[in-house]
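Have a look at the structure below, then the notes.
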Amino acid sequence: MERKHRVVVIGAGFGGLAAAKSLRDAPVEVIVVDANNFHTFQPLLYQVATAGLEADNVAYSIRGIVRGARNTSFRQARVIGIDLSEHAVHLDRGDSIFYDTLVVAAGTVSHDFGVTGVEQHAFALKSVEDAVAVRMHLLDRFESATVEPELVGDGALNVVVAGGGPTGVEMAGGIMELYAHVLERDFPTLPVRSARVVLVEMADRLLTPFTEQSSTRARRTLERRSVEVLLGVGVDRVEPTRVYLTDGTSIRAHTTVWAAGVRAHPLAATLGVELTPSGRVVVTDELSVPGHPDVFVIGDLAASPGPDGKPLPQVAQPAIQGGKHVASQIRRRLRGEATESFRYRDKGQMATIGRRDAVTELASGRRFAGTIGWVAWLALHLVYLMGFRNRVHVFVNWAWNYLTYDRGNRILPESRRRGSELSVRSSRRSA
Ligand SMILES: Cc1cc2nc3c(=O)[nH]c(=O)nc-3n(C[C@H](O)[C@H](O)[C@H](O)COP(=O)(O)OP(=O)(O)OC[C@H]3O[C@@H](n4cnc5c(N)ncnc54)[C@H](O)[C@@H]3O)c2cc1C
């Protein structure tokens, strides 16, 4: 029997899955490889971090996604190298997979921009594990402060969120809601109202990709909800209980969430091809690697040229549309047809600021804010969430949170308590 053309897709994020799903009835064999056996819906990670959703709600089994397609299989493995001349993808399990066409969609990793202490002491928000770690750390600080009240003055309940893009804005708003509606009632002996949630942004406004009006609205809403917004200042150094800013001031905070940026996954550098300064792979109009028409790079990892010639933003739509585009190019090539350039359709952008407030900007220039923007945000996220079961669970969780102001997902197992590591008493003892 003739061997089918084999397409290997690295990464089951938005881009990789869009490519694999669009090839399900094509005359090819598709192998999806991902380090995790689940797809992560990153836009809702902040809700896992702030106890609004369960980790399972934003993760979906990749095997469950591909099992309906007879030509598609999944391998859980980390790709540790790609050999373009041998057409081989090397896996951490010790074996290699050979491809006829390769689609690389490995996304990004958190980027600390060389700021001291971020890697050791700040929490990233890129994975389900990251989100659960933030939530447990916050709860642990509250539990510790009840037995050691001096911790409150040391900043145990304070949080610094670095980065005023959509993730930082959503995170700061979400933490403040968790404090005001849930933890204040859970911990009646603690001065939760005086806890500080500080959002630090280097630029002179929040949400820089959005219009000035949306930025102003986000800042005002957050400030009205008691989030402190510091603009035009960056984080200089992070310590376990202090954050030092570039203006020479410091904030006592036992929790720092790093939402200041991402960089291309280091796998890009192993390809040995041209990269942008931020590590993204330079691709042709059809999204293949120059000189390697059988290798496509999509999503956050690719510097896909937008209509203005600049790389497209690292958000879900370019990844999804890029995945569909490369699937269609693979089909065209198999039919002996010429490939086409990728045309990105900008659908606009949105960010939620918290309960009943979000900013939505359509590509047409129309803007929605407040409750309408928020409902649009909720609906769109439900539509793009993977799996009917997850949609139902998320919807039920949202309805519950909205109606009761409660958040059910705030467990802290003994094994995740940080004990006296950040204890004032123990640090005094060791001083
Ligand atoms: C907290 C957060 C909130 C966001 N909110 C929004 C939002 O509201 N709207 C929006 O449009 N975008 C949002 N984004 C951005 C959006 O999630 C990304 O642009 C999108 O996920 C990019 O898709 P991708 O397929 O390129 O990569 P990803 O979705 O990141 O997928 C990459 C996949 O590759 C796998 N992988 C990585 N390295 C390897 C390896 N070596 N071997 C095997 N597998 C590997 C990973 O496990 C992952 O499954 C958000 C991102 C974050 C982090």
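By order in the structure tokens, chains are A, B, ...; within a chain, residues start at 1; ligands start at 1, following the order shown.
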
As an NGL selection string, please: every protein or nucleic acid residue near ligand 1 (cut-off 6 Å, counting only C-alpha atoms and all ligand atoms).
:A and (10-16 or 33-36 or 39 or 42-43 or 45 or 77-80 or 105-108 or 125-126 or 167 or 299-301 or 314-317 or 319)

Please give the complete set of residues from region 121-163 of chain A that DSSP, run on the backbone, assigns to strand (DSSP E or B), formatted as a ChimeraX atom specification.
/A:123,159-162

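A straight line drawn from CA of Ser73 (chain A) to CA of Phe41 (chain A) is 20.8 Å long.
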
Taking 3 positions as the minimum chain separation for residues in the same chain, which residues sit within 9 Å of region 150-155 of chain A when counting only C-alpha atoms? Answer as a list in words.
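Residues near the query, excluding close chain neighbours: Arg141, Phe142, Ser144, Ala145, Thr146, Asn158, Val159, Leu190, Pro191, Ala195, Arg196, Thr241, Arg242, Ile251, Arg252, Ala253, His254, Thr255, Leu422, Ser423, Val424 and Arg425 of chain A.
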
Please, which residues of region 246-430 of chain A, numbered as in this document, come out helix (DSSP H, G or I) from DSSP, as a VMD selection string?
chain A and resid 266 to 271 299 to 301 316 to 334 370 to 384 388 to 404 414 to 416 424 to 430

Residue neighbourhood region 207-216 of chain A, 10 Å, only C-alpha atoms, exclusion window fewer than 5 positions, as a ChimeraX atom specification
/A:163-169,201,221-222,313,348-351,358-361,365,367-369

Restrict the selected residues to N, CA, C and O atoms and save them as a tab-separated table (two decimals), in the first residue's frame.
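Final output, part.tsv:
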```tsv
chain	number	residue	atom	x	y	z
A	163	GLY	N	2.75	44.42	34.22
A	163	GLY	CA	2.31	44.36	32.83
A	163	GLY	C	0.86	44.73	32.69
A	163	GLY	O	-0.01	44.03	33.21
A	164	GLY	N	0.59	45.84	32.00
A	164	GLY	CA	-0.79	46.35	31.89
A	164	GLY	C	-1.44	46.03	30.56
A	164	GLY	O	-2.29	46.78	30.08
A	165	GLY	N	-1.07	44.89	29.95
A	165	GLY	CA	-1.77	44.41	28.76
A	165	GLY	C	-3.05	43.70	29.20
A	165	GLY	O	-3.40	43.72	30.39
A	166	PRO	N	-3.76	43.04	28.25
A	166	PRO	CA	-5.01	42.37	28.63
A	166	PRO	C	-4.84	41.39	29.79
A	166	PRO	O	-5.66	41.37	30.71
A	167	THR	N	-3.77	40.60	29.80
A	167	THR	CA	-3.60	39.61	30.87
A	167	THR	C	-3.43	40.29	32.22
A	167	THR	O	-4.04	39.88	33.23
A	168	GLY	N	-2.61	41.35	32.28
A	168	GLY	CA	-2.40	42.06	33.54
A	168	GLY	C	-3.66	42.72	34.05
A	168	GLY	O	-3.99	42.67	35.24
A	169	VAL	N	-4.41	43.34	33.11
A	169	VAL	CA	-5.66	44.01	33.49
A	169	VAL	C	-6.66	42.99	34.02
A	169	VAL	O	-7.29	43.17	35.07
A	201	GLU	N	2.71	49.28	35.01
A	201	GLU	CA	2.87	49.27	33.54
A	201	GLU	C	3.90	50.34	33.12
A	201	GLU	O	3.80	51.49	33.52
A	221	THR	N	-11.99	52.01	35.65
A	221	THR	CA	-12.76	50.91	36.27
A	221	THR	C	-11.93	50.22	37.34
A	221	THR	O	-12.40	49.96	38.45
A	222	LEU	N	-10.66	49.93	37.00
A	222	LEU	CA	-9.81	49.24	37.98
A	222	LEU	C	-9.63	50.10	39.22
A	222	LEU	O	-9.72	49.62	40.36
A	313	PRO	N	-0.09	40.33	15.77
A	313	PRO	CA	-0.01	40.22	17.23
A	313	PRO	C	-0.05	38.76	17.69
A	313	PRO	O	-0.60	37.90	17.00
A	348	GLY	N	-10.83	42.15	15.45
A	348	GLY	CA	-10.90	43.08	16.58
A	348	GLY	C	-10.26	42.48	17.83
A	348	GLY	O	-9.62	41.44	17.76
A	349	GLN	N	-10.47	43.15	18.94
A	349	GLN	CA	-9.83	42.70	20.18
A	349	GLN	C	-10.72	43.01	21.38
A	349	GLN	O	-11.56	43.90	21.33
A	350	MET	N	-10.52	42.25	22.45
A	350	MET	CA	-11.33	42.49	23.65
A	350	MET	C	-10.53	42.14	24.90
A	350	MET	O	-9.62	41.33	24.87
A	351	ALA	N	-10.89	42.81	26.00
A	351	ALA	CA	-10.28	42.49	27.30
A	351	ALA	C	-11.32	42.74	28.37
A	351	ALA	O	-12.06	43.74	28.30
A	358	ALA	N	-16.05	45.15	30.32
A	358	ALA	CA	-15.02	44.70	29.37
A	358	ALA	C	-14.97	45.72	28.25
A	358	ALA	O	-15.91	46.49	28.06
A	359	VAL	N	-13.84	45.73	27.56
A	359	VAL	CA	-13.78	46.59	26.37
A	359	VAL	C	-13.65	45.70	25.15
A	359	VAL	O	-12.85	44.77	25.13
A	360	THR	N	-14.46	45.97	24.16
A	360	THR	CA	-14.46	45.19	22.92
A	360	THR	C	-14.32	46.18	21.77
A	360	THR	O	-15.09	47.13	21.68
A	361	GLU	N	-13.32	45.95	20.92
A	361	GLU	CA	-13.13	46.83	19.76
A	361	GLU	C	-13.17	45.99	18.50
A	361	GLU	O	-12.34	45.08	18.33
A	365	GLY	N	-14.03	49.37	13.74
A	365	GLY	CA	-13.90	50.62	14.50
A	365	GLY	C	-14.98	50.74	15.58
A	365	GLY	O	-14.90	51.62	16.44
A	367	ARG	N	-16.93	50.14	18.96
A	367	ARG	CA	-16.45	49.77	20.31
A	367	ARG	C	-17.64	49.48	21.20
A	367	ARG	O	-18.67	50.13	21.11
A	368	PHE	N	-17.51	48.48	22.08
A	368	PHE	CA	-18.50	48.24	23.12
A	368	PHE	C	-17.75	48.23	24.43
A	368	PHE	O	-16.64	47.73	24.51
A	369	ALA	N	-18.39	48.74	25.45
A	369	ALA	CA	-17.77	48.67	26.77
A	369	ALA	C	-18.85	48.37	27.79
A	369	ALA	O	-20.04	48.27	27.44
```

Got a sec: who's within 8 Å of region 180-186 of chain A, counting only C-alpha atoms, leaving out chain neighbours fewer than 6 positions off, as a count of residues only?
5

For Ala69 (chain A), work out the shell of residues within 12 Å, counting only C-alpha atoms and skipping chain neighbours fewer than 5 positions away, then give it as a PyMOL selection string.
chain A and resi 20-32+62-64+74

Set the distance at 10 Å and use only C-alpha atoms: which residues neighbour region 111-114 of chain A once local chain neighbours fewer than 3 positions away are removed? I'd like the list as a list in words.
Thr108, Gly117, Val118, Glu119, Ala122, Ala124, Asp236, Arg237, Trp258, Ala259, Ala260, Gly261, Val262, Arg263, Ala264, His265 and Ser278 of chain A

How would the residues just picked look written out with N, CA, C and O atoms as a tab-separated table (two decimals), in the first residue's frame?
```tsv
chain	number	residue	atom	x	y	z
A	108	THR	N	4.72	30.43	22.76
A	108	THR	CA	5.68	31.31	23.44
A	108	THR	C	5.96	30.80	24.85
A	108	THR	O	5.29	29.90	25.36
A	117	GLY	N	15.25	38.48	39.62
A	117	GLY	CA	14.32	37.91	40.59
A	117	GLY	C	13.00	37.44	40.01
A	117	GLY	O	12.24	36.75	40.70
A	118	VAL	N	12.71	37.79	38.75
A	118	VAL	CA	11.41	37.40	38.19
A	118	VAL	C	11.31	35.88	38.09
A	118	VAL	O	10.33	35.27	38.52
A	119	GLU	N	12.35	35.27	37.54
A	119	GLU	CA	12.31	33.82	37.34
A	119	GLU	C	12.15	33.08	38.68
A	119	GLU	O	11.42	32.11	38.79
A	122	ALA	N	8.66	35.48	40.91
A	122	ALA	CA	7.37	35.93	40.36
A	122	ALA	C	6.64	34.73	39.74
A	122	ALA	O	7.26	33.74	39.37
A	124	ALA	N	4.48	33.24	36.70
A	124	ALA	CA	4.08	33.46	35.30
A	124	ALA	C	2.63	33.03	35.15
A	124	ALA	O	2.05	32.45	36.08
A	236	ASP	N	11.95	46.75	38.60
A	236	ASP	CA	13.40	46.72	38.51
A	236	ASP	C	13.95	45.42	39.09
A	236	ASP	O	14.94	44.86	38.59
A	237	ARG	N	13.32	44.93	40.17
A	237	ARG	CA	13.82	43.73	40.85
A	237	ARG	C	12.69	43.12	41.67
A	237	ARG	O	11.87	43.85	42.24
A	258	TRP	N	3.76	37.94	36.93
A	258	TRP	CA	4.49	38.51	35.80
A	258	TRP	C	3.66	38.35	34.53
A	258	TRP	O	3.57	37.27	33.96
A	259	ALA	N	3.02	39.44	34.13
A	259	ALA	CA	2.21	39.43	32.91
A	259	ALA	C	2.79	40.45	31.94
A	259	ALA	O	2.07	41.06	31.15
A	260	ALA	N	4.11	40.63	32.02
A	260	ALA	CA	4.74	41.72	31.28
A	260	ALA	C	5.17	41.33	29.87
A	260	ALA	O	5.54	42.18	29.08
A	261	GLY	N	5.14	40.05	29.56
A	261	GLY	CA	5.50	39.73	28.19
A	261	GLY	C	5.89	38.29	27.97
A	261	GLY	O	6.12	37.53	28.92
A	262	VAL	N	5.93	37.94	26.71
A	262	VAL	CA	6.31	36.58	26.32
A	262	VAL	C	7.37	36.68	25.23
A	262	VAL	O	7.55	37.74	24.63
A	263	ARG	N	8.05	35.59	24.99
A	263	ARG	CA	8.95	35.53	23.84
A	263	ARG	C	8.74	34.20	23.14
A	263	ARG	O	8.18	33.25	23.73
A	264	ALA	N	9.21	34.14	21.91
A	264	ALA	CA	9.00	32.92	21.12
A	264	ALA	C	9.58	31.72	21.84
A	264	ALA	O	10.59	31.82	22.55
A	265	HIS	N	8.94	30.56	21.65
A	265	HIS	CA	9.45	29.34	22.28
A	265	HIS	C	10.88	29.07	21.79
A	265	HIS	O	11.17	29.23	20.60
A	278	SER	N	12.85	39.25	18.64
A	278	SER	CA	12.12	38.62	19.75
A	278	SER	C	12.04	37.09	19.60
A	278	SER	O	11.31	36.43	20.33
```

What does the distance from CA of Gly68 (chain A) to CA of Thr101 (chain A) come to in Å, to one decimal?
21.8 Å
